[in-house]
Amino acid sequence: MENEVAYLKSPIGWMEIHGNEEGITAVKYLNDAPTAIAHVSLYLQDCIAQFEAYFDGKLRVFDLPLKLKGTDFQLKVWNELQKIPYGVTISYIDLARKHGNAGAVRAVGHANGQNPVNIIVPCHRVIGANGKLTGYGGGLWRKEWLLKHEKSLSLPGLFDQQCHQ
């Protein structure tokens with residue numbers, strides 16, 4: 001099944017969204033504005049609307065069908081990422097523990113970095129054990145913006161807000 005593409009101008013730059021009738025398959029950041037913007041297909045209209053609501057501060061949880069392709073390990077990590085609540089951060093080690101293997105921190109970090117649907121699957125909510133922002137395919141400035149947008153960085157006691165369940 002062929003993917004359709006839509007573009008969204010967001011506060012963190014242009015985004016390219018891929019999907020089809022089965023679900024959203026990719027969200028990518030663009031460094032430049034797209035050269036042509038086509039009609040947004042029915043499959044992607046809800047995604048665009050949910051992103052707009054997220055950036056307007058009116059949406060905290062995305063409710064979209066996803067069609068993710070990855071290894072079983074990646075899919076398990078991406079599933080754990082979706083459990084991190086809005087405005088909460090966890091460390092890579094905590095994510096590895098939730099995955100069931102505290103020794104798999106690097107593998108979990110790599111899977112986190114391979115997440116094809118940024119923001120919807122909130123890989124930006126994972127930070128270093130020392131509280132530092134580390135690794136984000138869209139650039140650390142976007143990760144910082146997203147966390148501030150979700151109030152994670154602006155709240156006193158950031159690490160009291162972490163998800164250690």
# chains A, B, ... in the order shown; residues from 1 in each chain; ligands from 1
>>> residues_around(residues="A:Val108", least_positions_apart="6", cutoff="10 Å", atoms="only C-alpha atoms", output="list in words")
Phe73, Gln74, Lys76, Val77, Trp78, Tyr92, Ile93, Leu95, Ala96, Arg97, His99, Asn101, Ala102 and Gln114 of chain A
>>> closest_atom_pairs(of="stretch 65-104 of chain A", to="stretch 27-32 of chain A", cutoff="12 Å", atoms="only C-alpha atoms", output="JSON lines")
{"residue": "A:Leu66", "atom": "CA", "partner": "A:Val27", "partner_atom": "CA", "distance": 11.0}
{"residue": "A:Lys67", "atom": "CA", "partner": "A:Val27", "partner_atom": "CA", "distance": 11.7}
{"residue": "A:Leu68", "atom": "CA", "partner": "A:Val27", "partner_atom": "CA", "distance": 11.2}
>>> select_by_dssp(residues="stretch 5-61 of chain A", states="strand (DSSP E)", output="PyMOL selection string")
chain A and resi 5-10+13-20+23-29
>>> residues_around(residues="stretch 34-40 of chain A", least_positions_apart="6", cutoff="8 Å", atoms="only C-alpha atoms", output="PDB file with N, CA and C atoms, in the first residue's frame")
ATOM      1  N   VAL A   5       1.499  11.665   1.533  1.00  0.00           N
ATOM      2  CA  VAL A   5       2.360  12.591   2.270  1.00  0.00           C
ATOM      3  C   VAL A   5       1.608  13.896   2.501  1.00  0.00           C
ATOM      4  N   ALA A   6       1.762  14.433   3.705  1.00  0.00           N
ATOM      5  CA  ALA A   6       1.211  15.745   4.042  1.00  0.00           C
ATOM      6  C   ALA A   6       2.309  16.543   4.738  1.00  0.00           C
ATOM      7  N   TYR A   7       2.172  17.842   4.702  1.00  0.00           N
ATOM      8  CA  TYR A   7       3.155  18.729   5.324  1.00  0.00           C
ATOM      9  C   TYR A   7       2.455  19.632   6.322  1.00  0.00           C
ATOM     10  N   TRP A  14       9.025  22.728   9.592  1.00  0.00           N
ATOM     11  CA  TRP A  14       8.171  21.933   8.724  1.00  0.00           C
ATOM     12  C   TRP A  14       8.272  20.461   9.076  1.00  0.00           C
TER      13      TRP A  14
END
>>> select_by_dssp(residues="stretch 2-159 of chain A", states="helix (DSSP H, G or I)", output="VMD selection string")
chain A and resid 42 to 55 72 to 81 92 to 99 102 to 113 123 to 125 140 to 149 158 to 159
>>> atom_distance(atom1="atom CA of A:Leu140", atom2="atom CA of A:Ile48")
23.2 Å
>>> residues_around(residues="A:Lys132", least_positions_apart="2", cutoff="12 Å", atoms="only C-alpha atoms", output="number ranges by chain")
A: 89-92, 125-130, 134-135, 140, 143-144, 153, 158-159
>>> write_last_selection(atoms="N, CA and C atoms", output="mmCIF file, in the first residue's frame")
data_model
loop_
_atom_site.group_PDB
_atom_site.id
_atom_site.type_symbol
_atom_site.label_atom_id
_atom_site.label_comp_id
_atom_site.auth_asym_id
_atom_site.auth_seq_id
_atom_site.Cartn_x
_atom_site.Cartn_y
_atom_site.Cartn_z
ATOM 1 N N THR A 89 9.156 12.915 32.027
ATOM 2 C CA THR A 89 10.352 12.384 31.381
ATOM 3 C C THR A 89 10.825 11.152 32.140
ATOM 4 N N ILE A 90 11.500 10.273 31.427
ATOM 5 C CA ILE A 90 12.163 9.134 32.050
ATOM 6 C C ILE A 90 13.568 9.046 31.463
ATOM 7 N N SER A 91 14.421 8.306 32.119
ATOM 8 C CA SER A 91 15.777 8.124 31.612
ATOM 9 C C SER A 91 15.831 6.886 30.718
ATOM 10 N N TYR A 92 16.903 6.791 29.956
ATOM 11 C CA TYR A 92 17.096 5.615 29.106
ATOM 12 C C TYR A 92 17.185 4.348 29.954
ATOM 13 N N ARG A 125 10.606 12.359 25.250
ATOM 14 C CA ARG A 125 10.435 12.336 26.705
ATOM 15 C C ARG A 125 11.486 11.486 27.416
ATOM 16 N N VAL A 126 12.439 10.958 26.664
ATOM 17 C CA VAL A 126 13.503 10.142 27.260
ATOM 18 C C VAL A 126 14.774 10.987 27.329
ATOM 19 N N ILE A 127 15.350 11.065 28.535
ATOM 20 C CA ILE A 127 16.534 11.893 28.764
ATOM 21 C C ILE A 127 17.624 11.047 29.416
ATOM 22 N N GLY A 128 18.806 11.617 29.532
ATOM 23 C CA GLY A 128 19.906 10.916 30.182
ATOM 24 C C GLY A 128 19.651 10.736 31.675
ATOM 25 N N ALA A 129 20.284 9.736 32.269
ATOM 26 C CA ALA A 129 20.125 9.462 33.696
ATOM 27 C C ALA A 129 20.576 10.646 34.548
ATOM 28 N N ASN A 130 21.478 11.461 33.997
ATOM 29 C CA ASN A 130 21.977 12.629 34.716
ATOM 30 C C ASN A 130 21.082 13.859 34.523
ATOM 31 N N THR A 134 19.772 14.280 25.766
ATOM 32 C CA THR A 134 20.703 13.576 24.895
ATOM 33 C C THR A 134 19.939 13.048 23.701
ATOM 34 N N GLY A 135 20.612 13.027 22.579
ATOM 35 C CA GLY A 135 20.114 12.408 21.373
ATOM 36 C C GLY A 135 18.685 12.702 20.993
ATOM 37 N N LEU A 140 18.589 18.581 19.260
ATOM 38 C CA LEU A 140 18.284 18.796 20.680
ATOM 39 C C LEU A 140 17.424 20.028 20.918
ATOM 40 N N LYS A 143 13.911 18.853 20.803
ATOM 41 C CA LYS A 143 13.596 18.077 22.003
ATOM 42 C C LYS A 143 13.343 19.022 23.175
ATOM 43 N N GLU A 144 14.214 20.005 23.340
ATOM 44 C CA GLU A 144 14.046 20.978 24.417
ATOM 45 C C GLU A 144 12.739 21.741 24.247
ATOM 46 N N LEU A 153 10.325 20.877 31.341
ATOM 47 C CA LEU A 153 11.523 21.596 31.746
ATOM 48 C C LEU A 153 11.212 22.817 32.590
ATOM 49 N N LEU A 158 12.015 18.877 38.119
ATOM 50 C CA LEU A 158 11.830 18.090 36.902
ATOM 51 C C LEU A 158 11.906 16.603 37.198
ATOM 52 N N PHE A 159 12.873 16.189 37.985
ATOM 53 C CA PHE A 159 13.083 14.772 38.165
ATOM 54 C C PHE A 159 12.092 14.161 39.145
#
>>> residues_around(residues="A:Glu52", least_positions_apart="5", cutoff="9 Å", atoms="only C-alpha atoms", output="list in words")
Leu8, Ser10, Cys47, Gly57, Lys58 and Leu59 of chain A
>>> write_last_selection(atoms="N, CA and C atoms", output="compact mmCIF listing (two decimals), in the first residue's frame")
# COMPACT_ATOMS: atom_id res chain seq x y z
N LEU A 8 3.18 19.92 7.40
CA LEU A 8 2.64 20.79 8.44
C LEU A 8 3.72 21.78 8.84
N SER A 10 4.98 23.83 11.64
CA SER A 10 4.79 23.80 13.09
C SER A 10 5.74 24.80 13.75
N CYS A 47 -4.54 13.39 11.46
CA CYS A 47 -3.19 13.53 12.01
C CYS A 47 -2.78 15.00 12.06
N GLY A 57 -1.56 23.34 22.47
CA GLY A 57 -1.70 23.01 23.88
C GLY A 57 -3.04 22.42 24.24
N LYS A 58 -3.79 21.95 23.24
CA LYS A 58 -5.13 21.42 23.49
C LYS A 58 -5.19 19.90 23.44
N LEU A 59 -4.10 19.25 23.08
CA LEU A 59 -4.08 17.79 22.97
C LEU A 59 -2.87 17.26 23.71
>>> atom_distance(atom1="atom CA of A:Lys69", atom2="atom CA of A:Thr25")
7.9 Å
>>> closest_residue(among="A:Gly100, A:Asp94, A:Ile120, A:Ala111", to="A:Ile24", atoms="only C-alpha atoms")
A:Ile120
>>> closest_residue(among="A:Ile119, A:Leu44, A:Ala104, A:Ile17", to="A:His149", atoms="only C-alpha atoms")
A:Ile119
